[in-house]
Amino acid sequence: MSSRSVAPSTLRSLARSGRIQITRQRVPPQISVRRQLSSKPSGNPTAHLAWKRPSAAVLAAAATVALVYSTGPLNAVEAEAPTPDPPEILIEKSKKKQGASKEENRDRISSQHVQVKKSWENPGVYAWGSNTGKVAAPDSDEAYIKTPRRIPFFDDHLLRDLKLDRSFGAAVLENGDLVQWGKAFSEDVVQPTLTLKGKDLKSIAISRDRIIGLAKNGTVYSIPVSKADQENGPKPSESSWIPFLSTTSPISYRRLTPQKLGIGEKVTSISGGLEHVLLLTNSGRVFSAASSTEDYPSRGQLGVPGLTWLTRPAGSYDMCHELTTLKGFNIEKVASGDTHSLVLDKEGRVFAFGDNSFGQLGFELTPESPYVDMPSLLPITKLYQGTNQVPKVTGISAGGQNSFFTIDATRVAGPSENPSDVRTLGRVTADTWTCGQGIKGLLGNGRWTHVQDQLTKVPALSGLFEYDEKKNVVVPIRMAQISVGSTHASAVMDNVTYLNASEKSSDDDTNWGADVLWWGGNEFYQLGTGKRNNLATPQYIRPLDTAAEIEAGRKDQHRLHLTPKHTIRVKGRKVDVEQRVECGRNVTAVYSAV
């Protein structure tokens with residue numbers, strides 16, 4: 001086949017007859033969002049394209065016309081290509097309304113501005129996913145909640161923490177009291193109910209059947225999920241504000257107390273799996289304990305070599321065990337999957353232990369011995385061999401049978417390089433790596449892998465940069481948070497945000513928040529896309545409050561942004577508030593946190 005000259009009128013006739021196709025690339029609608037640059041291709045380029053600002057390159061591409069046509073195999077004659085019709089360039093009309101206030105015009109201009117404003121005006125909890133346990137929507141009999149929906153009980157409530165299981169939910173209110181709901185809590189009580197009060201909890205972890213709560217003073221409580229167990233179980237004595245007078249707790253609970261803590265040492269962070277919990281102190285020491293009454297941790301996740309139900313020391317089954325093999329390492333973060341554990345020290349070194357059946361520890365899987373019962377160092381440096389980059393792990397996350405690691409890789413001069421010739425010397429690239437089970441897409445690398453026992457990079461969350469207009473410099477985009485559920489995950493990006501639009505600034509000055517992406521299993525609609533297909537690459541979802549989008553006159557699709565920490569007024573008082581994501585066991589939530 002060869003090309004031949006065809007008159008424009010003939011081309012149009014051929015197009016109408018269906019023999020040829022004329023393609024014109026249109027300029028995407030302009031949306032007021034931040035500028036994002038990437039040195040590497042996105043894991044989902046189509047999803048990202050719809051929300052990029054038009055640039056000079058895009059406008060140039062819009063002027064390109066592709067002519068694709070076919071002719072018969074015989075009598076082909078070569079000639080000059082015709083001059084095509086000029087492309088159709090669509091220029092978006094201004095969304096401003098004559099006579100409208102600044103705030104009204106900002107709402108019309110920017111979906112992100114509306115989302116930020118609504119998160120301040122209407123704090124609360126949006127949930128979606130499996131509802132068979134009446135967790136995502138306590139007052140509904142629907143089996144699934146397909147898209148984000150508010151839980152009315154939490155309207156205008158700020159939370160310290162929230163954790164979700166398929167059959168129960170638990171939240172810490174702003175005053176430190178514990179709230180529970182779901183069928184595993186009670187078949188008869190539908191609405192969230194106050195249970196443990198007056199303990200000033202700051203965070204919680206959940207196991208199969210218990211809630212582990214950490215108070216601000218470092219006390220760790222283990223509370224049964226079941227309302228019946230709370231009422232009928234042994235109730236400890238509690239000290240009273242009246243000297244020499246004690247009372248009995250209204251509900252049953254246990255205390256998890258690490259022994260031989262130093263002066264001023266206390267537990268400052270906890271993380272739990274199905275059967276175990278990790279406790280981190282402000283001295284960098286780590287303790288572990290059993291956290292479920294159903295099964296004793298038996299896959300090495302406690303981090304104590306040889307410890308089993310039969311070999312455990314005398315005393316309570318949920319006593320705290322210090323991880324003595326970590327002595328000398330100043331641990332600053334802990335993370336737990338269902339049956340495995342991760343710890344990170346201040347030098348960026350990661351130790352992993354527990355179940356490695358799906359490679360979730362990052363070590364080569366050995367079928368004969370799938371468990372590692374002692375904290376073992378991950379060889380992170382080898383990931384960057386030959387790249388002239390020095391890696392340091394900055395964050396760890398775990399859930400289900402998966403682990404995630406965020407790494408800052410700093411460019412250094414190679415053995416044969418002159419440092420003065422390396423323009424990118426000292427440049428930091430932020431990458432995200434993962435390992436574990438990927439059959440439902442939870443690895444986020446675009447592959448459906450059953451076992452991933454070596455760390456693999458998540459392309460859509462790695463090598464991202466943006467231009468910081470305030471600092472006039474290109475900066476790496478790190479991950480602010482990665483929340484990992486049993487089969488799905490979400491990443492909140494630590495991109496440049498802006499929350500200072502005011503009456504003194506122009507009506508083009510709009511607020512915008514942090515990008516958030518979702519991937520993994522979606523059989524219970526836990527990704528919030530409204531569809532049921534699993535996703536192997538991180539993607540955006542639509543804003544939580546679609547009614548606000550319609551009210552602002554928006555019909556085109558926009559992405560969800562989360563509001564970072566900012567001081568606002570709630571019921572007449574100033575409070576630092578931010579939105580957080582919680583990926584639980586087949587359930588997801590976004591909540592307003594303090």
# chains A, B, ... in the order shown; residues from 1 in each chain; ligands from 1

call {"tool": "residues_around", "arguments": {"residues": "segment 181-195 of chain A", "least_positions_apart": "5", "cutoff": "12 Å", "atoms": "only C-alpha atoms", "output": "MDAnalysis selection string"}}
result
chainID A and resid 130:141 151:154 162:173 175:176 208:211 223:231 249:253

call {"tool": "residues_around", "arguments": {"residues": "Asp107 of chain A", "least_positions_apart": "3", "cutoff": "12 Å", "atoms": "only C-alpha atoms", "output": "tab-separated table (two decimals) with N, CA and C atoms, in the first residue's frame"}}
result
chain	number	residue	atom	x	y	z
A	32	SER	N	-8.35	23.54	37.51
A	32	SER	CA	-7.39	24.20	38.38
A	32	SER	C	-6.80	23.22	39.36
A	95	LYS	N	-15.79	29.81	33.88
A	95	LYS	CA	-16.80	29.28	34.79
A	95	LYS	C	-17.28	30.33	35.78
A	96	LYS	N	-16.69	31.50	35.74
A	96	LYS	CA	-17.10	32.55	36.67
A	96	LYS	C	-18.48	33.06	36.32
A	97	LYS	N	-19.19	33.46	37.34
A	97	LYS	CA	-20.54	33.97	37.16
A	97	LYS	C	-20.56	35.45	37.51
A	100	ALA	N	-21.35	37.10	41.09
A	100	ALA	CA	-21.21	36.12	42.16
A	100	ALA	C	-20.10	36.54	43.11
A	101	SER	N	-20.13	36.05	44.34
A	101	SER	CA	-19.09	36.35	45.32
A	101	SER	C	-17.81	35.60	44.98
A	102	LYS	N	-16.74	35.98	45.66
A	102	LYS	CA	-15.47	35.31	45.44
A	102	LYS	C	-15.59	33.81	45.72
A	103	GLU	N	-16.24	33.49	46.82
A	103	GLU	CA	-16.34	32.09	47.22
A	103	GLU	C	-17.17	31.29	46.24
A	104	GLU	N	-18.24	31.88	45.73
A	104	GLU	CA	-19.06	31.20	44.73
A	104	GLU	C	-18.26	30.92	43.47
A	110	SER	N	-13.04	25.46	40.88
A	110	SER	CA	-12.22	24.35	41.36
A	110	SER	C	-12.99	23.34	42.19
A	111	SER	N	-12.98	22.08	41.74
A	111	SER	CA	-13.54	20.99	42.53
A	111	SER	C	-12.75	20.80	43.82
A	112	GLN	N	-11.45	20.98	43.74
A	112	GLN	CA	-10.62	20.80	44.93
A	112	GLN	C	-10.97	21.82	46.02
A	113	HIS	N	-11.26	23.04	45.60
A	113	HIS	CA	-11.64	24.08	46.57
A	113	HIS	C	-12.93	23.68	47.30
A	114	VAL	N	-13.88	23.14	46.55
A	114	VAL	CA	-15.14	22.70	47.16
A	114	VAL	C	-14.88	21.57	48.15
A	115	GLN	N	-14.03	20.62	47.77
A	115	GLN	CA	-13.75	19.49	48.65
A	115	GLN	C	-13.10	19.93	49.96
A	116	VAL	N	-12.14	20.86	49.88
A	116	VAL	CA	-11.50	21.37	51.08
A	116	VAL	C	-12.52	22.07	51.98
A	117	LYS	N	-13.32	22.92	51.37
A	117	LYS	CA	-14.31	23.68	52.14
A	117	LYS	C	-15.32	22.75	52.81
A	118	LYS	N	-15.81	21.76	52.09
A	118	LYS	CA	-16.80	20.83	52.66
A	118	LYS	C	-16.20	20.00	53.80
A	501	ALA	N	-6.41	30.42	50.73
A	501	ALA	CA	-7.28	31.34	50.00
A	501	ALA	C	-8.16	32.10	50.99
A	507	ASP	N	-10.35	35.87	43.40
A	507	ASP	CA	-11.26	34.73	43.31
A	507	ASP	C	-10.67	33.60	42.47
A	508	ASP	N	-9.50	33.83	41.86
A	508	ASP	CA	-8.79	32.75	41.17
A	508	ASP	C	-7.90	31.97	42.13
A	509	ASP	N	-7.77	32.49	43.36
A	509	ASP	CA	-6.93	31.86	44.37
A	509	ASP	C	-7.75	30.80	45.09
A	510	THR	N	-7.51	29.53	44.76
A	510	THR	CA	-8.32	28.44	45.32
A	510	THR	C	-7.46	27.49	46.15
A	511	ASN	N	-8.11	26.82	47.08
A	511	ASN	CA	-7.43	25.83	47.91
A	511	ASN	C	-7.33	24.50	47.17
A	512	TRP	N	-6.28	23.73	47.48
A	512	TRP	CA	-6.23	22.36	46.98
A	512	TRP	C	-5.48	21.48	47.98
A	548	ALA	N	-22.17	18.04	46.30
A	548	ALA	CA	-21.53	19.36	46.28
A	548	ALA	C	-20.99	19.67	44.89
A	549	GLU	N	-20.53	18.65	44.18
A	549	GLU	CA	-20.04	18.85	42.81
A	549	GLU	C	-21.18	19.28	41.89
A	550	ILE	N	-22.32	18.61	42.04
A	550	ILE	CA	-23.47	18.96	41.21
A	550	ILE	C	-23.97	20.36	41.54
A	551	GLU	N	-23.96	20.68	42.83
A	551	GLU	CA	-24.41	22.01	43.26
A	551	GLU	C	-23.54	23.12	42.67
A	552	ALA	N	-22.24	22.82	42.50
A	552	ALA	CA	-21.33	23.80	41.92
A	552	ALA	C	-21.43	23.84	40.40
A	553	GLY	N	-22.32	23.05	39.82
A	553	GLY	CA	-22.53	23.08	38.37
A	553	GLY	C	-21.53	22.26	37.59
A	554	ARG	N	-20.90	21.26	38.24
A	554	ARG	CA	-19.87	20.48	37.57
A	554	ARG	C	-20.46	19.17	37.07

call {"tool": "residues_around", "arguments": {"residues": "Val484 of chain A", "least_positions_apart": "4", "cutoff": "6 Å", "atoms": "only C-alpha atoms", "output": "list of chain:residue names"}}
result
A:Ala398, A:Gly399, A:Ala489, A:Cys583

call {"tool": "closest_residue", "arguments": {"among": "A:Ile263, A:Tyr144, A:Pro236, A:Ala205", "to": "Lys531 of chain A", "atoms": "only C-alpha atoms"}}
result
A:Tyr144

call {"tool": "select_by_dssp", "arguments": {"residues": "segment 319-453 of chain A", "states": "helix (DSSP H, G or I)", "output": "list in words"}}
result
Thr324, Thr325, Leu326, Thr381, Lys382, Leu383, Tyr384, Pro419, Ser420 and Asp421 of chain A

call {"tool": "residues_around", "arguments": {"residues": "segment 426-442 of chain A", "least_positions_apart": "6", "cutoff": "9 Å", "atoms": "only C-alpha atoms", "output": "NGL selection string"}}
result
:A and (356-362 or 389 or 400-413 or 448-465 or 475-479 or 484 or 487-489 or 519-522 or 534-537)

call {"tool": "closest_residue", "arguments": {"among": "A:Asn330, A:Gln539, A:Ser298, A:Thr308", "to": "Asp345 of chain A", "atoms": "only C-alpha atoms"}}
result
A:Asn330

call {"tool": "residues_around", "arguments": {"residues": "Ile331 of chain A", "least_positions_apart": "2", "cutoff": "10 Å", "atoms": "only C-alpha atoms", "output": "PyMOL selection string"}}
result
chain A and resi 280-286+326-329+333-334+343-351

call {"tool": "closest_residue", "arguments": {"among": "A:Lys382, A:His561, A:Arg585, A:Arg108", "to": "Gln526 of chain A", "atoms": "only C-alpha atoms"}}
result
A:Arg585

call {"tool": "select_by_dssp", "arguments": {"residues": "segment 423-455 of chain A", "states": "strand (DSSP E)", "output": "JSON, numbers by chain"}}
result
{"A": [428, 429, 430, 431, 432, 433, 434, 435, 436, 437, 438, 449, 450, 451, 452, 453, 454, 455]}

call {"tool": "atom_distance", "arguments": {"atom1": "atom CA of Ser369 of chain A", "atom2": "atom CA of Ser291 of chain A"}}
result
24.2 Å

call {"tool": "residues_around", "arguments": {"residues": "Gly306 of chain A", "least_positions_apart": "3", "cutoff": "12 Å", "atoms": "only C-alpha atoms", "output": "ChimeraX atom specification"}}
result
/A:297-303,309-313,354,371-374

call {"tool": "residues_around", "arguments": {"residues": "Gly273 of chain A", "least_positions_apart": "2", "cutoff": "7 Å", "atoms": "only C-alpha atoms", "output": "PyMOL selection string"}}
result
chain A and resi 206-207+275-277+336-339
